[in-house]
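Next up, coords.pdb (PDB, C-alpha atoms):
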ATOM      1  CA  MET A   1     -35.923   9.182 -36.085  1.00  0.00           C
ATOM      2  CA  THR A   2     -38.216   8.624 -33.107  1.00  0.00           C
ATOM      3  CA  PRO A   3     -37.133   6.338 -30.237  1.00  0.00           C
ATOM      4  CA  ALA A   4     -40.086   4.007 -30.895  1.00  0.00           C
ATOM      5  CA  ARG A   5     -39.024   3.572 -34.531  1.00  0.00           C
ATOM      6  CA  GLU A   6     -35.401   2.944 -33.496  1.00  0.00           C
ATOM      7  CA  GLN A   7     -36.584   0.308 -31.035  1.00  0.00           C
ATOM      8  CA  ARG A   8     -38.672  -1.422 -33.738  1.00  0.00           C
ATOM      9  CA  LEU A   9     -35.691  -1.451 -36.094  1.00  0.00           C
ATOM     10  CA  SER A  10     -33.391  -2.966 -33.501  1.00  0.00           C
ATOM     11  CA  VAL A  11     -35.982  -5.659 -32.655  1.00  0.00           C
ATOM     12  CA  GLY A  12     -36.329  -6.472 -36.350  1.00  0.00           C
ATOM     13  CA  GLN A  13     -32.571  -6.822 -36.743  1.00  0.00           C
ATOM     14  CA  ASP A  14     -32.328  -9.155 -33.719  1.00  0.00           C
ATOM     15  CA  SER A  15     -35.036 -11.436 -35.074  1.00  0.00           C
ATOM     16  CA  GLU A  16     -33.264 -11.533 -38.455  1.00  0.00           C
ATOM     17  CA  ARG A  17     -30.069 -12.621 -36.707  1.00  0.00           C
ATOM     18  CA  ARG A  18     -31.902 -15.384 -34.878  1.00  0.00           C
ATOM     19  CA  VAL A  19     -33.473 -16.622 -38.096  1.00  0.00           C
ATOM     20  CA  SER A  20     -30.151 -16.653 -39.931  1.00  0.00           C
ATOM     21  CA  ARG A  21     -28.460 -18.549 -37.074  1.00  0.00           C
ATOM     22  CA  GLY A  22     -31.325 -21.046 -37.169  1.00  0.00           C
ATOM     23  CA  ASN A  23     -30.847 -21.458 -40.898  1.00  0.00           C
ATOM     24  CA  LEU A  24     -27.128 -22.112 -40.431  1.00  0.00           C
ATOM     25  CA  ALA A  25     -27.922 -24.760 -37.847  1.00  0.00           C
ATOM     26  CA  SER A  26     -30.450 -26.410 -40.149  1.00  0.00           C
ATOM     27  CA  ILE A  27     -27.914 -26.749 -42.975  1.00  0.00           C
ATOM     28  CA  GLY A  28     -25.397 -28.444 -40.729  1.00  0.00           C
ATOM     29  CA  ILE A  29     -23.100 -25.792 -39.348  1.00  0.00           C
ATOM     30  CA  HIS A  30     -23.188 -27.369 -35.849  1.00  0.00           C
ATOM     31  CA  VAL A  31     -20.863 -30.168 -36.946  1.00  0.00           C
ATOM     32  CA  GLN A  32     -18.951 -30.311 -33.669  1.00  0.00           C
ATOM     33  CA  GLU A  33     -22.133 -30.775 -31.644  1.00  0.00           C
ATOM     34  CA  ARG A  34     -23.318 -33.610 -33.903  1.00  0.00           C
ATOM     35  CA  GLY A  35     -19.932 -35.298 -33.683  1.00  0.00           C
ATOM     36  CA  GLU A  36     -19.947 -35.086 -29.893  1.00  0.00           C
ATOM     37  CA  SER A  37     -23.448 -36.544 -29.665  1.00  0.00           C
ATOM     38  CA  ARG A  38     -22.425 -39.428 -31.960  1.00  0.00           C
ATOM     39  CA  SER A  39     -19.404 -40.248 -29.815  1.00  0.00           C
ATOM     40  CA  LYS A  40     -21.573 -40.104 -26.655  1.00  0.00           C
ATOM     41  CA  GLN A  41     -24.027 -42.549 -28.228  1.00  0.00           C
ATOM     42  CA  GLU A  42     -21.209 -44.917 -29.211  1.00  0.00           C
ATOM     43  CA  LYS A  43     -19.812 -44.827 -25.663  1.00  0.00           C
ATOM     44  CA  GLN A  44     -23.247 -45.614 -24.237  1.00  0.00           C
ATOM     45  CA  ILE A  45     -23.664 -48.612 -26.570  1.00  0.00           C
ATOM     46  CA  ARG A  46     -20.289 -50.241 -25.813  1.00  0.00           C
ATOM     47  CA  GLY A  47     -20.408 -52.998 -23.225  1.00  0.00           C
ATOM     48  CA  LYS A  48     -24.184 -53.351 -23.563  1.00  0.00           C
ATOM     49  CA  THR A  49     -26.014 -56.386 -24.849  1.00  0.00           C
ATOM     50  CA  MET A  50     -28.801 -56.919 -27.340  1.00  0.00           C
ATOM     51  CA  LEU A  51     -31.144 -59.806 -28.112  1.00  0.00           C
ATOM     52  CA  VAL A  52     -30.936 -61.362 -31.573  1.00  0.00           C
ATOM     53  CA  ALA A  53     -32.977 -64.223 -32.988  1.00  0.00           C
ATOM     54  CA  ASP A  54     -30.792 -67.131 -34.124  1.00  0.00           C
ATOM     55  CA  PRO A  55     -31.738 -69.316 -37.158  1.00  0.00           C
ATOM     56  CA  ASP A  56     -33.784 -71.623 -34.885  1.00  0.00           C
ATOM     57  CA  GLY A  57     -35.870 -68.682 -33.672  1.00  0.00           C
ATOM     58  CA  LYS A  58     -34.436 -68.638 -30.153  1.00  0.00           C
ATOM     59  CA  MET A  59     -33.411 -65.307 -28.700  1.00  0.00           C
ATOM     60  CA  VAL A  60     -29.667 -65.081 -28.030  1.00  0.00           C
ATOM     61  CA  GLU A  61     -27.984 -62.309 -26.044  1.00  0.00           C
ATOM     62  CA  TRP A  62     -24.990 -60.721 -27.806  1.00  0.00           C
ATOM     63  CA  GLU A  63     -22.510 -58.205 -26.430  1.00  0.00           C
ATOM     64  CA  ILE A  64     -21.946 -55.039 -28.461  1.00  0.00           C
ATOM     65  CA  LEU A  65     -18.194 -54.653 -28.954  1.00  0.00           C
ATOM     66  CA  SER A  66     -18.150 -51.601 -31.204  1.00  0.00           C
ATOM     67  CA  SER A  67     -20.168 -49.544 -33.636  1.00  0.00           C
ATOM     68  CA  HIS A  68     -19.349 -47.202 -36.489  1.00  0.00           C
ATOM     69  CA  THR A  69     -21.052 -44.504 -38.496  1.00  0.00           C
ATOM     70  CA  LYS A  70     -21.918 -45.307 -42.106  1.00  0.00           C
ATOM     71  CA  GLU A  71     -19.727 -43.362 -44.517  1.00  0.00           C
ATOM     72  CA  SER A  72     -20.830 -42.042 -47.889  1.00  0.00           C
ATOM     73  CA  ILE A  73     -18.788 -42.911 -50.970  1.00  0.00           C
ATOM     74  CA  PHE A  74     -17.163 -39.475 -50.762  1.00  0.00           C
ATOM     75  CA  GLN A  75     -16.248 -39.905 -47.094  1.00  0.00           C
ATOM     76  CA  LYS A  76     -14.782 -43.348 -47.797  1.00  0.00           C
ATOM     77  CA  SER A  77     -12.265 -41.746 -50.176  1.00  0.00           C
ATOM     78  CA  ILE A  78     -10.792 -39.590 -47.390  1.00  0.00           C
ATOM     79  CA  PRO A  79      -7.333 -40.927 -46.546  1.00  0.00           C
ATOM     80  CA  VAL A  80      -6.476 -41.784 -42.954  1.00  0.00           C
ATOM     81  CA  LEU A  81      -3.860 -39.183 -42.048  1.00  0.00           C
ATOM     82  CA  PRO A  82      -2.079 -37.942 -38.933  1.00  0.00           C
ATOM     83  CA  PRO A  83      -4.189 -35.223 -37.266  1.00  0.00           C
ATOM     84  CA  ALA A  84      -1.769 -32.412 -38.207  1.00  0.00           C
ATOM     85  CA  ALA A  85      -1.807 -33.398 -41.900  1.00  0.00           C
ATOM     86  CA  ALA A  86      -5.585 -33.772 -41.800  1.00  0.00           C
ATOM     87  CA  ALA A  87      -5.915 -30.259 -40.357  1.00  0.00           C
ATOM     88  CA  PHE A  88      -3.620 -28.923 -43.096  1.00  0.00           C
ATOM     89  CA  PHE A  89      -5.649 -30.539 -45.890  1.00  0.00           C
ATOM     90  CA  GLY A  90      -8.859 -29.436 -44.170  1.00  0.00           C
ATOM     91  CA  PHE A  91      -7.557 -25.850 -44.155  1.00  0.00           C
ATOM     92  CA  LEU A  92      -6.666 -26.137 -47.851  1.00  0.00           C
ATOM     93  CA  ASN A  93     -10.284 -27.098 -48.515  1.00  0.00           C
ATOM     94  CA  LEU A  94     -11.206 -23.435 -47.950  1.00  0.00           C
ATOM     95  CA  VAL A  95     -10.350 -23.319 -51.647  1.00  0.00           C
ATOM     96  CA  PRO A  96     -13.008 -25.764 -52.888  1.00  0.00           C
ATOM     97  CA  GLY A  97     -11.489 -29.120 -53.785  1.00  0.00           C
ATOM     98  CA  LEU A  98      -7.823 -28.191 -53.273  1.00  0.00           C
ATOM     99  CA  GLY A  99      -7.294 -30.120 -50.025  1.00  0.00           C
ATOM    100  CA  THR A 100      -9.340 -33.044 -51.329  1.00  0.00           C
ATOM    101  CA  PHE A 101      -7.308 -33.142 -54.547  1.00  0.00           C
ATOM    102  CA  LEU A 102      -3.935 -33.095 -52.780  1.00  0.00           C
ATOM    103  CA  ALA A 103      -5.011 -35.533 -50.046  1.00  0.00           C
ATOM    104  CA  ALA A 104      -6.137 -38.042 -52.680  1.00  0.00           C
ATOM    105  CA  PHE A 105      -2.534 -38.301 -53.849  1.00  0.00           C
ATOM    106  CA  THR A 106      -1.426 -39.480 -50.396  1.00  0.00           C
ATOM    107  CA  LEU A 107      -3.095 -42.775 -51.302  1.00  0.00           C
ATOM    108  CA  ILE A 108      -0.412 -43.299 -53.961  1.00  0.00           C
ATOM    109  CA  CYS A 109       2.281 -42.803 -51.330  1.00  0.00           C
ATOM    110  CA  GLY A 110       1.087 -45.655 -49.134  1.00  0.00           C
ATOM    111  CA  GLY A 111      -1.866 -44.030 -47.417  1.00  0.00           C
ATOM    112  CA  ARG A 112      -5.099 -45.885 -46.820  1.00  0.00           C
ATOM    113  CA  SER A 113      -8.768 -45.098 -47.095  1.00  0.00           C
ATOM    114  CA  SER A 114     -11.981 -46.958 -46.278  1.00  0.00           C
ATOM    115  CA  PHE A 115     -12.085 -48.476 -49.759  1.00  0.00           C
ATOM    116  CA  ASP A 116     -10.680 -51.926 -50.451  1.00  0.00           C
ATOM    117  CA  THR A 117      -8.063 -50.590 -52.869  1.00  0.00           C
ATOM    118  CA  ASN A 118      -6.116 -47.347 -52.887  1.00  0.00           C
ATOM    119  CA  LEU A 119      -6.815 -46.896 -56.612  1.00  0.00           C
ATOM    120  CA  GLU A 120     -10.537 -46.790 -55.933  1.00  0.00           C
ATOM    121  CA  GLY A 121      -9.989 -44.244 -53.143  1.00  0.00           C
ATOM    122  CA  LEU A 122      -7.748 -42.149 -55.413  1.00  0.00           C
ATOM    123  CA  LEU A 123     -10.256 -42.056 -58.264  1.00  0.00           C
ATOM    124  CA  VAL A 124     -13.203 -41.197 -56.022  1.00  0.00           C
ATOM    125  CA  GLY A 125     -11.085 -38.572 -54.226  1.00  0.00           C
ATOM    126  CA  LEU A 126     -10.118 -36.909 -57.494  1.00  0.00           C
ATOM    127  CA  GLY A 127     -13.735 -37.021 -58.652  1.00  0.00           C
ATOM    128  CA  THR A 128     -14.850 -35.505 -55.357  1.00  0.00           C
ATOM    129  CA  ALA A 129     -12.327 -32.673 -55.704  1.00  0.00           C
ATOM    130  CA  PHE A 130     -13.522 -31.996 -59.256  1.00  0.00           C
ATOM    131  CA  LEU A 131     -17.185 -31.936 -58.187  1.00  0.00           C
ATOM    132  CA  GLN A 132     -16.400 -29.637 -55.253  1.00  0.00           C
ATOM    133  CA  ALA A 133     -14.645 -27.195 -57.576  1.00  0.00           C
ATOM    134  CA  VAL A 134     -17.427 -27.263 -60.173  1.00  0.00           C
ATOM    135  CA  THR A 135     -20.284 -26.928 -57.688  1.00  0.00           C
ATOM    136  CA  SER A 136     -18.502 -24.117 -55.861  1.00  0.00           C
ATOM    137  CA  LEU A 137     -19.857 -21.837 -58.577  1.00  0.00           C
ATOM    138  CA  VAL A 138     -23.281 -22.211 -56.943  1.00  0.00           C
ATOM    139  CA  ILE A 139     -21.885 -22.078 -53.361  1.00  0.00           C
ATOM    140  CA  VAL A 140     -22.774 -25.759 -52.686  1.00  0.00           C
ATOM    141  CA  GLY A 141     -19.240 -26.928 -53.464  1.00  0.00           C
ATOM    142  CA  TRP A 142     -17.740 -24.472 -51.024  1.00  0.00           C
ATOM    143  CA  PHE A 143     -19.856 -25.806 -48.118  1.00  0.00           C
ATOM    144  CA  TRP A 144     -19.215 -29.375 -49.273  1.00  0.00           C
ATOM    145  CA  SER A 145     -15.480 -28.729 -49.372  1.00  0.00           C
ATOM    146  CA  ILE A 146     -15.457 -27.284 -45.846  1.00  0.00           C
ATOM    147  CA  MET A 147     -17.509 -30.201 -44.508  1.00  0.00           C
ATOM    148  CA  HIS A 148     -15.131 -32.599 -46.269  1.00  0.00           C
ATOM    149  CA  GLY A 149     -12.244 -30.868 -44.496  1.00  0.00           C
ATOM    150  CA  VAL A 150     -14.012 -31.445 -41.180  1.00  0.00           C
ATOM    151  CA  HIS A 151     -14.294 -35.140 -42.084  1.00  0.00           C
ATOM    152  CA  PHE A 152     -10.516 -35.219 -42.704  1.00  0.00           C
ATOM    153  CA  VAL A 153      -9.909 -34.168 -39.106  1.00  0.00           C
ATOM    154  CA  ARG A 154     -12.649 -36.389 -37.674  1.00  0.00           C
ATOM    155  CA  LYS A 155     -11.340 -39.472 -39.473  1.00  0.00           C
ATOM    156  CA  ALA A 156      -7.773 -38.723 -38.352  1.00  0.00           C
ATOM    157  CA  ASN A 157      -8.863 -38.352 -34.720  1.00  0.00           C
ATOM    158  CA  GLU A 158     -10.904 -41.576 -34.847  1.00  0.00           C
ATOM    159  CA  ALA A 159      -7.903 -43.462 -36.280  1.00  0.00           C
ATOM    160  CA  LYS A 160      -5.662 -42.000 -33.567  1.00  0.00           C
ATOM    161  CA  GLU A 161      -8.117 -43.065 -30.826  1.00  0.00           C
ATOM    162  CA  GLU A 162      -8.349 -46.555 -32.334  1.00  0.00           C
ATOM    163  CA  LYS A 163      -4.565 -46.835 -32.432  1.00  0.00           C
ATOM    164  CA  ASN A 164      -4.314 -45.725 -28.806  1.00  0.00           C
ATOM    165  CA  LYS A 165      -6.867 -48.376 -27.785  1.00  0.00           C
ATOM    166  CA  THR A 166      -4.905 -51.146 -29.513  1.00  0.00           C
ATOM    167  CA  ASP A 167      -1.636 -49.884 -27.979  1.00  0.00           C
ATOM    168  CA  ILE A 168      -3.180 -49.990 -24.488  1.00  0.00           C
ATOM    169  CA  LYS A 169      -4.491 -53.552 -24.998  1.00  0.00           C
ATOM    170  CA  THR A 170      -1.075 -54.889 -26.064  1.00  0.00           C
TER
END
In structure tokens, write the structure found in this file.
Amino acid sequence: MTPAREQRLSVGQDSERRVSRGNLASIGIHVQERGESRSKQEKQIRGKTMLVADPDGKMVEWEILSSHTKESIFQKSIPVLPPAAAAFFGFLNLVPGLGTFLAAFTLICGGRSSFDTNLEGLLVGLGTAFLQAVTSLVIVGWFWSIMHGVHFVRKANEAKEEKNKTDIKT
């Protein structure tokens, strides 16, 4: 093989790698970066004020105390766990739906989720685990399961931070 041909092949392989990395980023692989940017935005908003029109039409200045990210119905079913347990169930989600299925049962044992009742969280959690397992046949469920495992850890860390804030205030 001539050196020019070898050089063209290596350039082609590099561009393929760049394209595949770009594709991974576009389907949401950079979860940590998105989470960090969200937390930076929330920190910037706290302590700021905003103008809101009252019923009379006058502009009133309100202080922003906190903000939160909207959760999907599937994310609401994630139980609030200690970070170590959340990491364990997140690891189990490498088998699509396994960690989600087992974590849903923590709601029976006194856990809590973002739903009003634990029964609702349990049923949605079991349904989520089932859908992750079924859709894993077309690879979608596997990615969904891994992302759900990341949400386990994120929700656990947010709950821990919130608890630390309330402990400091008291």
_Using only C-alpha atoms, which protein or nucleic acid residues come within 6 Å of stretch 125-136 of chain A? Drop anything in the same chain fewer than 6 positions from it, and give the result as JSON, numbers by chain._
{"A": [77, 96, 97, 100, 101, 104, 142]}
*Calculate how many Å separate atom CA of A:Arg112 from atom CA of A:Val124, rounding to one decimal.*
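Between atom CA of A:Arg112 and atom CA of A:Val124 the gap works out to 13.1 Å.
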*Might you pull out every residue within 9 Å of A:Glu71, with all atoms listed in the file counted and same-chain residues fewer than 4 positions away left off, and present them as a list of chain:residue names?*
A:Gln75, A:Lys76, A:Ser114
List the neighbours of A:Glu61 out to 12 Å using all atoms listed in the file; skip same-chain residues closer than 6 positions along the sequence, and give me the result as a PDB file with C-alpha atoms, keeping the file's coordinate frame.
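The result, stored in part17.pdb:
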ATOM      1  CA  LYS A  48     -24.184 -53.351 -23.563  1.00  0.00           C
ATOM      2  CA  THR A  49     -26.014 -56.386 -24.849  1.00  0.00           C
ATOM      3  CA  MET A  50     -28.801 -56.919 -27.340  1.00  0.00           C
ATOM      4  CA  LEU A  51     -31.144 -59.806 -28.112  1.00  0.00           C
ATOM      5  CA  VAL A  52     -30.936 -61.362 -31.573  1.00  0.00           C
ATOM      6  CA  ALA A  53     -32.977 -64.223 -32.988  1.00  0.00           C
ATOM      7  CA  ASP A  54     -30.792 -67.131 -34.124  1.00  0.00           C
TER       8      ASP A  54
END
*Starting from the displayed file, determine the output of the PyMOL selection byres ((chain A and resi 106) around 10) and express the residue list as a PyMOL selection string.*
chain A and resi 78-81+101-105+107-113+118+122
_Under the PyMOL selection byres ((chain A and resi 149) around 12), which residues of this model are included? Write them out as a PyMOL selection string._
chain A and resi 31+74-75+78-79+83+85-103+129+132+142-148+150-156
Please save C-alpha atoms of the selected residues as a PDB file, in the coordinates of the input.
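part-v8.pdb, freshly written:
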ATOM      1  CA  VAL A  31     -20.863 -30.168 -36.946  1.00  0.00           C
ATOM      2  CA  PHE A  74     -17.163 -39.475 -50.762  1.00  0.00           C
ATOM      3  CA  GLN A  75     -16.248 -39.905 -47.094  1.00  0.00           C
ATOM      4  CA  ILE A  78     -10.792 -39.590 -47.390  1.00  0.00           C
ATOM      5  CA  PRO A  79      -7.333 -40.927 -46.546  1.00  0.00           C
ATOM      6  CA  PRO A  83      -4.189 -35.223 -37.266  1.00  0.00           C
ATOM      7  CA  ALA A  85      -1.807 -33.398 -41.900  1.00  0.00           C
ATOM      8  CA  ALA A  86      -5.585 -33.772 -41.800  1.00  0.00           C
ATOM      9  CA  ALA A  87      -5.915 -30.259 -40.357  1.00  0.00           C
ATOM     10  CA  PHE A  88      -3.620 -28.923 -43.096  1.00  0.00           C
ATOM     11  CA  PHE A  89      -5.649 -30.539 -45.890  1.00  0.00           C
ATOM     12  CA  GLY A  90      -8.859 -29.436 -44.170  1.00  0.00           C
ATOM     13  CA  PHE A  91      -7.557 -25.850 -44.155  1.00  0.00           C
ATOM     14  CA  LEU A  92      -6.666 -26.137 -47.851  1.00  0.00           C
ATOM     15  CA  ASN A  93     -10.284 -27.098 -48.515  1.00  0.00           C
ATOM     16  CA  LEU A  94     -11.206 -23.435 -47.950  1.00  0.00           C
ATOM     17  CA  VAL A  95     -10.350 -23.319 -51.647  1.00  0.00           C
ATOM     18  CA  PRO A  96     -13.008 -25.764 -52.888  1.00  0.00           C
ATOM     19  CA  GLY A  97     -11.489 -29.120 -53.785  1.00  0.00           C
ATOM     20  CA  LEU A  98      -7.823 -28.191 -53.273  1.00  0.00           C
ATOM     21  CA  GLY A  99      -7.294 -30.120 -50.025  1.00  0.00           C
ATOM     22  CA  THR A 100      -9.340 -33.044 -51.329  1.00  0.00           C
ATOM     23  CA  PHE A 101      -7.308 -33.142 -54.547  1.00  0.00           C
ATOM     24  CA  LEU A 102      -3.935 -33.095 -52.780  1.00  0.00           C
ATOM     25  CA  ALA A 103      -5.011 -35.533 -50.046  1.00  0.00           C
ATOM     26  CA  ALA A 129     -12.327 -32.673 -55.704  1.00  0.00           C
ATOM     27  CA  GLN A 132     -16.400 -29.637 -55.253  1.00  0.00           C
ATOM     28  CA  TRP A 142     -17.740 -24.472 -51.024  1.00  0.00           C
ATOM     29  CA  PHE A 143     -19.856 -25.806 -48.118  1.00  0.00           C
ATOM     30  CA  TRP A 144     -19.215 -29.375 -49.273  1.00  0.00           C
ATOM     31  CA  SER A 145     -15.480 -28.729 -49.372  1.00  0.00           C
ATOM     32  CA  ILE A 146     -15.457 -27.284 -45.846  1.00  0.00           C
ATOM     33  CA  MET A 147     -17.509 -30.201 -44.508  1.00  0.00           C
ATOM     34  CA  HIS A 148     -15.131 -32.599 -46.269  1.00  0.00           C
ATOM     35  CA  VAL A 150     -14.012 -31.445 -41.180  1.00  0.00           C
ATOM     36  CA  HIS A 151     -14.294 -35.140 -42.084  1.00  0.00           C
ATOM     37  CA  PHE A 152     -10.516 -35.219 -42.704  1.00  0.00           C
ATOM     38  CA  VAL A 153      -9.909 -34.168 -39.106  1.00  0.00           C
ATOM     39  CA  ARG A 154     -12.649 -36.389 -37.674  1.00  0.00           C
ATOM     40  CA  LYS A 155     -11.340 -39.472 -39.473  1.00  0.00           C
ATOM     41  CA  ALA A 156      -7.773 -38.723 -38.352  1.00  0.00           C
TER      42      ALA A 156
END
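In this model, the gap between atom CA of A:Glu162 and atom CA of A:Thr117 comes to 20.9 Å.
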*Just give me the gap between atom CA of A:Asn157 and atom CA of A:Thr69 in Å, one decimal is fine.*
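Interatomic distance here is 14.2 Å.
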